[in-house]
Amino acid sequence: MSVVYALLGLLAVIALITLLIGIPVFVIWLILKSFGARGEVINASLFRKKTRTFLTVGSIMLAFLMFGLLSALGKAFTAGVDLAGQDRLLTRHKVTWIQLLPVSYLNRIATVDGVADVTHQTWFGGYYKEPRNFVAVIPSDIESTFRIYPELEIPPEQYEALIADRTGFAAGYAVAEKYGWQVGDRVPIRSEIYRRADGGDTWEMTLQAIYRPRDDLGDPTSVFFHNDFFNETLPEGAQDQVGWYIVKVEDPDNAAAVAEAIDELFANSPVETKTETEKAFAAGFANQVGNVGKIVTAVIAAVFFTMLLVTANTMGQSVRERTNELAVLKTLGFTNTGVTWFVLAEALLIAVVGGLAGIGLAYLSIIVLGDQLRQYLPVFFLPGRDVLIGIALMFGFGLVASALPATQALRLQVADALRRA
Amino acid sequence: MSESLVEINAVSKIYKRGAERLTVLDKLSLSVPRGDFVALMGPSGSGKTTLLNLIGGIDRPDGGSIVVSDRRIDKLSDRALAHWRSRHVGFVFQMFNLLPVLTAERNVELPLLLTGMNGRQRRERARTALSLVGLQDRFTHKPAQLSGGQEQRVGIARAIVTDPEILLCDEPTGDLDRQSGDEVLDLLVALNESQGKTIIMVTHDPVAAERAKRIVHLDKGRLSSVSEAAA
């Protein structure tokens, strides 16, 4: 029985792939049909070997599907850097951001010239119910955090409720949707780093607010809750420490001087600091996992270009097989340029329609995969800029793939070609 | 049959293969009057097809001049020559050279793409040409669905659809059985006699050549003899 299911599954996959590739192939056929007899000449050339055309379109589609996914992945690894504000500094322990800082630094940092606002945050290592349900939970000073991050928007009434409730928390809309949390729900959040004074690892809190980032680059998957509440539940020795400070400067042009002043403030103390722009910190943080991203990028890019080369070769071969027919067209009075246009149009049409189908499929895949991957890749979308690059690549690929056969068509000597036939 | 349509004066054609120079046509001169039906005969390598290609403007001579319908075609640019071909010459090939994935109608329509006709006009014209060669019931057939003789008739329809002055036929019966060959020759004779088409036909077949008005023999790139056909 399992063999039957396996075969049925295989047939379903083949049918799906056939359908996915069949749609752009049909679009090509439809476009050419609408161009009358000239279109039919190209149609006739393309569909002479239907399987080859089908597979060529499929290859290009797959290549651009990978391109789309690659773009989204690249964006996922660098979104934090793009999001980081130039007017925000991050002060952490001089050795590593994992080591904590005294909470008392808050007031001292606030006194530094050029500092407009300051807040603190801590990495909680949170999860919901089971460790596989990772949630980016951050105990923080709620008021100053949402002041410094105006791009995280909360409805005013929810914000008021959040401030009024010491055991309340704010969650990004994506994480709330994922776990089905509604405003007012009591939610147990567990930590794999911290333990309560009573030995427990669970903080039960009320969801009072759901925030939404102003644009696609914002992280909709974090949870913020009151550090005061968090602090008082910790054992005595673990209290009054925070992970890092976020400092908003009055003048971004003065950020370097402010950072230096902050670090000087704590120089030669038991806990020295390192202050850098949030962007620099995000870039450094991204680089820690960025190598994985680079490897994935390199592998997919290699596959992408290999497929393009193979496809270009196939398209070239298709034209070479029709040398005699191109010669006949010239005999009938088609100019060198006219025949060359037939070859170019054929390649461009395959590349662009196949490519658009691939990008479209990537877009749909990202929507579907985005929900599944959101806890690992909070920002996972296909940037508009990359779509434009993709379209340019399609045209570029069509031109490159057809360059050699088009040149051959242009230079084809009719008498020689007919003699060889 | 007085006015000269094709004037070939001391035309030479030399092929180069590395250091070797092969003279295919050696200062050959020939005059073909309007309305003539000439059969070009001769052994392989005598230059028959090369001469046909030069007259049709798909190859260029290395010396001499070719005037067709008062136009010196050997001096035309590639583009002008292509344009000239589309208006003045119809080609019929031994292997038919139809596009296998197009219907008979679409194949015949191809040369009309270079005219200003719209789709409906092209289709009507193509159907008229196909009807003229007796294929009024084969418009939507593809070459693979036709016999060799029918394919060649589609080829002839394609050659005459633009109403050219001259038809150049390279072994038009070479790939056909005798009966089909005769039908094709009947058609060419009819086009010559009733439509006034000037036809130059390369052939190895003496029977086919006899259907022409004149037989021109070539040997080693030179004109060896010109005779009136028996018919």
# chains A, B, ... in the order shown; residues from 1 in each chain; ligands from 1
$ closest_atom_pairs --of "chain A" --to "chain B" --cutoff "12 Å" --atoms "only C-alpha atoms" --output "CSV"
residue,atom,partner,partner_atom,distance
A:Ser34,CA,B:Gly119,CA,11.5
A:Phe35,CA,B:Gly119,CA,10.3
A:Gly36,CA,B:Gly119,CA,7.2
A:Ala37,CA,B:Arg106,CA,7.2
A:Arg38,CA,B:Leu113,CA,7.3
A:Gly39,CA,B:Leu113,CA,10.9
A:Glu40,CA,B:Leu102,CA,7.9
A:Val41,CA,B:Leu102,CA,7.6
A:Ile42,CA,B:Val101,CA,10.4
A:Asn43,CA,B:Val101,CA,9.0
A:Ala44,CA,B:Val101,CA,5.4
A:Ser45,CA,B:Val101,CA,7.6
A:Leu46,CA,B:Val101,CA,9.8
A:Phe47,CA,B:Val101,CA,8.1
A:Arg48,CA,B:Val101,CA,6.3
A:Lys49,CA,B:Val101,CA,9.9
A:Lys50,CA,B:Val101,CA,11.3
A:Arg322,CA,B:Leu99,CA,9.6
A:Thr323,CA,B:Asn97,CA,11.5
A:Asn324,CA,B:Asn97,CA,8.0
A:Glu325,CA,B:Leu99,CA,6.8
A:Leu326,CA,B:Leu99,CA,9.9
A:Ala327,CA,B:Ile58,CA,9.5
A:Val328,CA,B:Asn97,CA,6.9
A:Leu329,CA,B:Leu110,CA,8.1
A:Lys330,CA,B:Ala82,CA,7.0
A:Thr331,CA,B:Ile58,CA,6.5
A:Leu332,CA,B:Ser86,CA,5.7
A:Gly333,CA,B:Ser86,CA,4.2
A:Phe334,CA,B:Ala82,CA,6.1
A:Thr335,CA,B:Ala82,CA,5.5
A:Asn336,CA,B:Arg79,CA,7.4
A:Thr337,CA,B:Arg79,CA,8.7
A:Gly338,CA,B:Leu114,CA,9.9
A:Val339,CA,B:Ala82,CA,11.3
A:Leu410,CA,B:Asp78,CA,11.1
A:Arg411,CA,B:Asp78,CA,10.9
A:Leu412,CA,B:Ile58,CA,11.0
A:Gln413,CA,B:Asp59,CA,7.9
A:Val414,CA,B:Ile58,CA,6.0
A:Ala415,CA,B:Asp59,CA,5.9
A:Asp416,CA,B:Asp59,CA,8.7
A:Ala417,CA,B:Ile58,CA,10.6
A:Leu418,CA,B:Asn97,CA,9.4
A:Arg419,CA,B:Thr49,CA,9.2
A:Ala421,CA,B:Met95,CA,9.0
$ residues_around --residues "Val57 (chain A)" --least-positions-apart "5" --cutoff "8 Å" --atoms "only C-alpha atoms" --output "number ranges by chain"
A: 21, 24-25, 350-351, 353-354
$ write_last_selection --atoms "all heavy atoms" --output "tab-separated table (two decimals), in the first residue's frame"
chain	number	residue	atom	x	y	z
A	21	ILE	N	5.42	24.33	-15.22
A	21	ILE	CA	6.19	24.71	-16.40
A	21	ILE	C	5.25	24.92	-17.59
A	21	ILE	O	5.49	25.77	-18.45
A	21	ILE	CB	7.25	23.63	-16.74
A	21	ILE	CG1	8.18	23.43	-15.53
A	21	ILE	CG2	8.06	24.02	-17.96
A	21	ILE	CD1	9.14	22.28	-15.69
A	24	PRO	N	3.85	28.77	-18.16
A	24	PRO	CA	4.64	29.74	-18.95
A	24	PRO	C	4.81	29.32	-20.41
A	24	PRO	O	4.86	30.18	-21.30
A	24	PRO	CB	5.99	29.79	-18.23
A	24	PRO	CG	6.02	28.64	-17.31
A	24	PRO	CD	4.60	28.30	-16.99
A	25	VAL	N	4.92	28.01	-20.66
A	25	VAL	CA	5.05	27.55	-22.05
A	25	VAL	C	3.80	27.96	-22.83
A	25	VAL	O	3.88	28.45	-23.96
A	25	VAL	CB	5.26	26.01	-22.10
A	25	VAL	CG1	5.14	25.50	-23.53
A	25	VAL	CG2	6.64	25.65	-21.54
A	350	ILE	N	11.81	33.05	-24.30
A	350	ILE	CA	12.00	31.92	-23.38
A	350	ILE	C	12.56	32.42	-22.06
A	350	ILE	O	12.09	32.06	-20.98
A	350	ILE	CB	12.96	30.86	-24.00
A	350	ILE	CG1	12.21	30.06	-25.05
A	350	ILE	CG2	13.51	29.95	-22.93
A	350	ILE	CD1	12.97	28.85	-25.52
A	351	ALA	N	13.59	33.27	-22.14
A	351	ALA	CA	14.26	33.73	-20.93
A	351	ALA	C	13.33	34.58	-20.07
A	351	ALA	O	13.25	34.39	-18.85
A	351	ALA	CB	15.51	34.53	-21.29
A	353	VAL	N	9.86	34.97	-20.17
A	353	VAL	CA	8.66	34.30	-19.65
A	353	VAL	C	9.04	33.25	-18.60
A	353	VAL	O	8.43	33.17	-17.53
A	353	VAL	CB	7.82	33.69	-20.79
A	353	VAL	CG1	6.63	32.93	-20.22
A	353	VAL	CG2	7.33	34.77	-21.72
A	354	GLY	N	10.07	32.46	-18.90
A	354	GLY	CA	10.54	31.45	-17.93
A	354	GLY	C	11.02	32.12	-16.65
A	354	GLY	O	10.73	31.68	-15.55
$ residues_around --residues "Glu276 (chain A)" --least-positions-apart "2" --cutoff "9 Å" --atoms "only C-alpha atoms" --output "PyMOL selection string"
chain A and resi 88-92+255-256+259-260+274+278-281
$ atom_distance --atom1 "CA of Asp215 (chain A)" --atom2 "CA of Trp244 (chain A)"
25.0 Å
$ select_by_dssp --residues "region 30-63 of chain B" --states "strand (DSSP E or B)" --output "list of chain:residue names"
B:Leu30, B:Ser31, B:Val32, B:Pro33, B:Phe37, B:Val38, B:Ala39, B:Leu40, B:Met41, B:Gly63
$ select_by_dssp --residues "region 2-231 of chain B" --states "alpha helix (DSSP H)" --output "PyMOL selection string"
chain B and resi 48-56+78-88+104-109+119-132+148-160+178-194+206-209
$ closest_residue --among "A:Phe54, A:Phe229, A:Tyr127, A:Trp341" --to "Asp165 (chain A)" --atoms "only C-alpha atoms"
A:Phe229
$ residues_around --residues "Asp117 (chain A)" --least-positions-apart "4" --cutoff "10 Å" --atoms "only C-alpha atoms" --output "ChimeraX atom specification"
/A:88,106,109-111,144-145,147-148,246-250
$ residues_around --residues "Asn107 (chain A)" --least-positions-apart "5" --cutoff "12 Å" --atoms "only C-alpha atoms" --output "count of residues only"
11
$ residues_around --residues "region 196-206 of chain B" --least-positions-apart "5" --cutoff "6 Å" --atoms "only C-alpha atoms" --output "list in words"
Arg34, Gly35, Asp36, Phe37, Val38, Ala39, Leu40, Met41, Glu165, Ile166, Leu167, Leu168, Cys169, Asp170, Glu171 and Leu191 of chain B
$ residues_around --residues "region 7-17 of chain B" --least-positions-apart "4" --cutoff "9 Å" --atoms "only C-alpha atoms" --output "PyMOL selection string"
chain B and resi 21-33+47+50-51+55+60-70+221
$ atom_distance --atom1 "CA of Leu344 (chain A)" --atom2 "CA of Ser402 (chain A)"
5.8 Å
$ closest_residue --among "A:Met61, A:Val343, A:Ala257, A:Val242" --to "Ser104 (chain A)" --atoms "only C-alpha atoms"
A:Val242
$ atom_distance --atom1 "CA of Glu143 (chain A)" --atom2 "CA of Gln158 (chain A)"
12.8 Å
$ closest_residue --among "A:Thr18, A:Val183, A:Phe380, A:Leu100" --to "Leu55 (chain A)" --atoms "only C-alpha atoms"
A:Thr18
